[in-house]
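Asker: What follows is run.txt; its format and atoms are compact mmCIF, C-alpha atoms.
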# COMPACT_ATOMS: atom_id res chain seq x y z
CA MET U 931 97.90 -26.93 -32.60
CA ASN U 932 98.53 -23.93 -34.75
CA GLU U 933 96.45 -25.34 -37.55
CA GLU U 934 93.79 -23.00 -38.76
CA ARG U 935 90.29 -24.22 -38.89
CA LYS U 936 88.39 -23.31 -41.96
CA ILE U 937 84.70 -22.89 -42.04
CA MET U 938 83.10 -23.97 -45.25
CA VAL U 939 79.92 -22.25 -46.32
CA GLU U 940 77.60 -23.81 -48.86
CA GLU U 941 74.69 -21.93 -50.30
CA VAL U 942 71.61 -23.86 -51.41
CA ALA U 943 68.56 -22.70 -53.27
CA ALA U 944 66.04 -25.06 -51.64
CA VAL U 945 65.78 -27.95 -49.21
CA ASP U 946 63.59 -31.02 -49.62
CA ALA U 947 60.73 -31.09 -47.10
CA PRO U 948 60.83 -34.04 -44.70
CA PRO U 949 58.19 -36.71 -45.29
CA ARG U 950 54.95 -36.20 -43.37
CA ALA U 951 53.38 -38.87 -41.26
CA ARG U 952 50.14 -40.14 -42.63
CA VAL U 953 47.26 -41.52 -40.58
CA GLU U 954 47.01 -44.44 -42.98
CA ASP U 955 50.59 -45.39 -42.18
CA ALA U 956 49.89 -45.76 -38.43
CA ALA U 957 50.19 -49.35 -37.20
CA VAL U 958 47.81 -48.94 -34.23
CA PRO U 959 44.22 -47.91 -34.91
CA PRO U 960 43.29 -44.64 -33.16
CA LEU U 961 41.50 -45.02 -29.81
CA GLU U 962 37.92 -43.91 -29.71
CA ARG U 963 37.29 -41.23 -27.14
CA LYS U 964 33.93 -40.32 -25.79
CA ARG U 965 33.24 -36.88 -27.10
CA ASP U 966 31.61 -35.49 -23.97
CA TYR U 967 34.04 -36.57 -21.25
CA LEU U 968 32.93 -33.68 -19.00
CA GLU U 969 29.45 -35.18 -18.62
CA GLY U 970 30.85 -38.23 -16.83
CA PHE U 971 33.04 -36.08 -14.60
CA LEU U 972 30.18 -33.84 -13.51
CA SER U 973 27.78 -36.71 -12.87
CA ALA U 974 30.21 -38.55 -10.56
CA ALA U 975 29.35 -38.21 -6.88
CA PRO U 976 32.15 -37.34 -4.45
CA ALA U 977 33.44 -40.22 -2.38
CA PRO U 978 32.07 -40.14 1.17
CA GLN U 979 34.65 -39.21 3.78
CA PRO U 980 35.16 -41.48 6.75
CA THR U 981 33.36 -40.29 9.87
CA GLY U 982 36.33 -39.51 12.07
CA GLU U 983 38.82 -38.23 9.55
CA PRO U 984 39.94 -34.61 9.55
CA GLY U 985 37.80 -32.81 7.03
CA GLY U 986 34.77 -34.96 7.77
CA ASP U 987 31.56 -33.26 8.86
CA LEU U 988 31.49 -34.83 12.33
CA TYR U 989 35.15 -34.02 12.99
CA GLU U 990 34.68 -30.40 11.92
CA ALA U 991 31.55 -30.11 14.10
CA ILE U 992 33.55 -31.31 17.13
CA ILE U 993 36.30 -28.77 16.40
CA ASP U 994 33.65 -26.02 16.16
CA ALA U 995 32.26 -27.12 19.54
CA LEU U 996 35.74 -26.98 21.07
CA LYS U 997 36.21 -23.47 19.70
CA GLU U 998 33.21 -22.34 21.76
CA ILE U 999 34.92 -23.22 25.08
CA TYR U 1000 36.98 -20.38 26.51
CA ASP U 1001 39.61 -20.40 29.20
CA PRO U 1002 38.16 -18.17 31.96
CA GLU U 1003 41.50 -16.43 32.56
CA ILE U 1004 42.47 -15.93 28.91
CA PRO U 1005 39.99 -14.51 26.34
CA VAL U 1006 40.84 -17.17 23.73
CA ASN U 1007 39.15 -20.52 23.06
CA ILE U 1008 40.89 -23.71 24.17
CA TYR U 1009 41.42 -24.99 20.60
CA ASP U 1010 43.29 -21.87 19.45
CA LEU U 1011 45.23 -21.83 22.72
CA GLY U 1012 46.67 -25.19 21.71
CA LEU U 1013 45.22 -27.02 24.70
CA VAL U 1014 43.62 -29.67 22.46
CA TYR U 1015 46.28 -32.16 21.34
CA GLY U 1016 44.05 -34.45 19.36
CA VAL U 1017 40.50 -35.42 18.40
CA ASP U 1018 39.76 -38.98 17.31
CA VAL U 1019 36.34 -40.09 16.14
CA ALA U 1020 35.64 -43.81 15.76
CA GLU U 1021 32.77 -45.57 14.06
CA GLY U 1022 29.53 -45.13 15.93
CA GLY U 1023 30.41 -41.54 16.90
CA HIS U 1024 32.75 -42.40 19.79
CA ALA U 1025 34.92 -39.29 20.26
CA VAL U 1026 38.20 -39.15 22.17
CA VAL U 1027 39.60 -35.70 22.96
CA THR U 1028 43.18 -35.52 24.21
CA MET U 1029 43.93 -32.20 25.87
CA THR U 1030 45.95 -30.44 28.52
CA LEU U 1031 45.70 -27.27 30.60
CA THR U 1032 48.03 -24.31 30.81
CA THR U 1033 49.37 -25.51 34.20
CA PRO U 1034 48.65 -28.47 36.48
CA HIS U 1035 47.46 -25.99 39.12
CA CYS U 1036 44.95 -24.36 36.77
CA PRO U 1037 41.80 -23.36 38.67
CA VAL U 1038 39.58 -25.05 36.07
CA ALA U 1039 41.43 -28.38 36.20
CA GLU U 1040 38.38 -30.08 37.68
CA SER U 1041 35.67 -28.42 35.59
CA MET U 1042 37.26 -28.02 32.14
CA PRO U 1043 37.31 -31.74 31.13
CA GLY U 1044 33.64 -32.03 32.16
CA GLU U 1045 32.72 -28.99 30.08
CA VAL U 1046 34.60 -30.41 27.08
CA GLU U 1047 32.75 -33.71 27.51
CA LEU U 1048 29.37 -31.95 27.66
CA ARG U 1049 29.99 -29.68 24.65
CA VAL U 1050 31.40 -32.43 22.43
CA GLY U 1051 28.64 -34.82 23.53
CA ALA U 1052 26.04 -32.27 22.43
CA VAL U 1053 27.27 -32.38 18.82
CA PRO U 1054 24.75 -34.26 16.64
CA GLY U 1055 26.17 -37.63 15.63
CA VAL U 1056 28.49 -38.03 18.61
CA GLY U 1057 27.75 -41.01 20.83
CA ASP U 1058 30.22 -41.45 23.69
CA VAL U 1059 32.85 -38.89 24.61
CA GLU U 1060 36.10 -39.59 26.38
CA VAL U 1061 38.35 -36.74 27.53
CA ASN U 1062 41.96 -37.60 28.27
CA LEU U 1063 43.74 -34.94 30.30
CA VAL U 1064 47.50 -35.27 29.78
CA TRP U 1065 50.48 -33.30 31.08
CA ASP U 1066 53.11 -34.60 28.69
CA PRO U 1067 54.06 -32.77 26.55
CA PRO U 1068 53.52 -29.72 28.71
CA TRP U 1069 51.68 -26.76 27.21
CA ASP U 1070 53.70 -23.73 26.18
CA PRO U 1071 52.73 -20.53 24.33
CA GLN U 1072 54.27 -21.83 21.09
CA LYS U 1073 51.30 -24.21 20.74
CA MET U 1074 48.89 -21.28 20.26
CA SER U 1075 47.52 -20.47 16.82
CA ASP U 1076 48.48 -17.21 15.15
CA GLU U 1077 44.96 -15.88 15.78
CA ALA U 1078 45.35 -16.49 19.53
CA LYS U 1079 48.78 -14.85 19.60
CA LEU U 1080 47.36 -11.85 17.75
CA GLU U 1081 44.44 -11.62 20.18
CA LEU U 1082 46.83 -11.65 23.14
CA GLY U 1083 49.24 -9.14 21.58
CA MET U 1084 52.06 -11.65 21.15
CA LEU U 1085 52.54 -11.01 17.41
Kindly return the structure encoded in the file as structure tokens.

Answerer:
Amino acid sequence: MNEERKIMVEEVAAVDAPPRARVEDAAVPPLERKRDYLEGFLSAAPAPQPTGEPGGDLYEAIIDALKEIYDPEIPVNIYDLGLVYGVDVAEGGHAVVTMTLTTPHCPVAESMPGEVELRVGAVPGVGDVEVNLVWDPPWDPQKMSDEAKLELGML
């Protein structure tokens, strides 16, 4: 264990360069690539989005219509309040809106689903509208968007 290790140093004047790869030596012929690949990319049309998927034009139009409906007691729209639990759009423009109200004893419990049905039904491309009013899960202030919380002074 007490053996000393010696480091040997060797000085050289030059080192042979490693051999370079040559194209002629390649076993596989090079692949031909279309020189203007950007032309094909720019000419491709975007894939059409399904009608009822989030991000589709009809879906976004329904969300915009829901954002125009305000709770009469709270100065925030029902979408940002978190009262809308889901929007499903089927082929043919059949829309199903699942929503709740702030409380079961809300004064607009009878009129709000009808207003939602009218507003969503007025969106171009929507055929039938079905509004499902559910109480489970119950609404709570945590379901509100940040914009709604800011508007109500909760942030």

Asker: Kindly give the distance, in Å, that separates CA of Leu1082 in chain U and CA of Pro1037 in chain U, rounded to a single decimal.

Answerer: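 It comes out at 20.1 Å.
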
Asker: Between U:Met1074, U:Leu1048, U:Val945, U:Val1064, single out the one closest to Tyr1009 in chain U, counting only C-alpha atoms.

Answerer: U:Met1074

Asker: When you count only C-alpha atoms, which of these residues is closest to Glu1045 in chain U: U:Val1017, U:Val1059, U:Leu1080, U:Ala951?

Answerer: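 Looking only at the distances to Glu1045 in chain U, the closest residue turns out to be U:Val1059.
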
Asker: For CA of Asp994 in chain U and CA of Val1019 in chain U, determine how far apart the two atoms are, in Å to one decimal place.

Answerer: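 We find that CA of Asp994 in chain U and CA of Val1019 in chain U lie 14.3 Å from each other.
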
Asker: Could you check the closest approach to Ile1004 in chain U for each of U:Ala1039, U:Ala1078, U:Leu1085, U:Ala1025 and tell me which residue wins, using all atoms listed in the file?

Answerer: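 The closest residue to Ile1004 in chain U is U:Ala1078.
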
Asker: Would you list the contacts of Gln1072 in chain U as a PyMOL selection string, taking every protein, DNA or RNA residue within 10 Å and counting all atoms listed in the file, but skipping same-chain residues closer than 3 positions in sequence?

Answerer: chain U and resi 1011-1012+1069+1075-1076+1079

Asker: Report the distance between CA of Pro1068 in chain U and CA of Val1027 in chain U in Å, rounded to one decimal place.

Answerer: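 These two atoms are separated by 16.2 Å.
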
Asker: What's around Tyr1000 in chain U at 12 Å? Count all atoms listed in the file, leave out sequence neighbours fewer than 3 positions away in its own chain, and write the answer as an MDAnalysis selection string.

Answerer: chainID U and resid 995:997 1003:1013 1031 1038 1042 1045:1046 1049 1078

Asker: Of the candidates U:Gly1083, U:Met1029, U:Ala991, U:Trp1065, which shows the shortest atom-to-atom distance to Gly1051 in chain U, using only C-alpha atoms?

Answerer: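 Closest to Gly1051 in chain U, using only C-alpha atoms: U:Ala991.
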
Asker: Do a neighbour search on Gly1022 in chain U at 9 Å with only C-alpha atoms, toss out local chain neighbours closer than 4 positions, and write the hits as a list in words.

Answerer: Thr981, Gly1055, Val1056, Gly1057 and Asp1058 of chain U
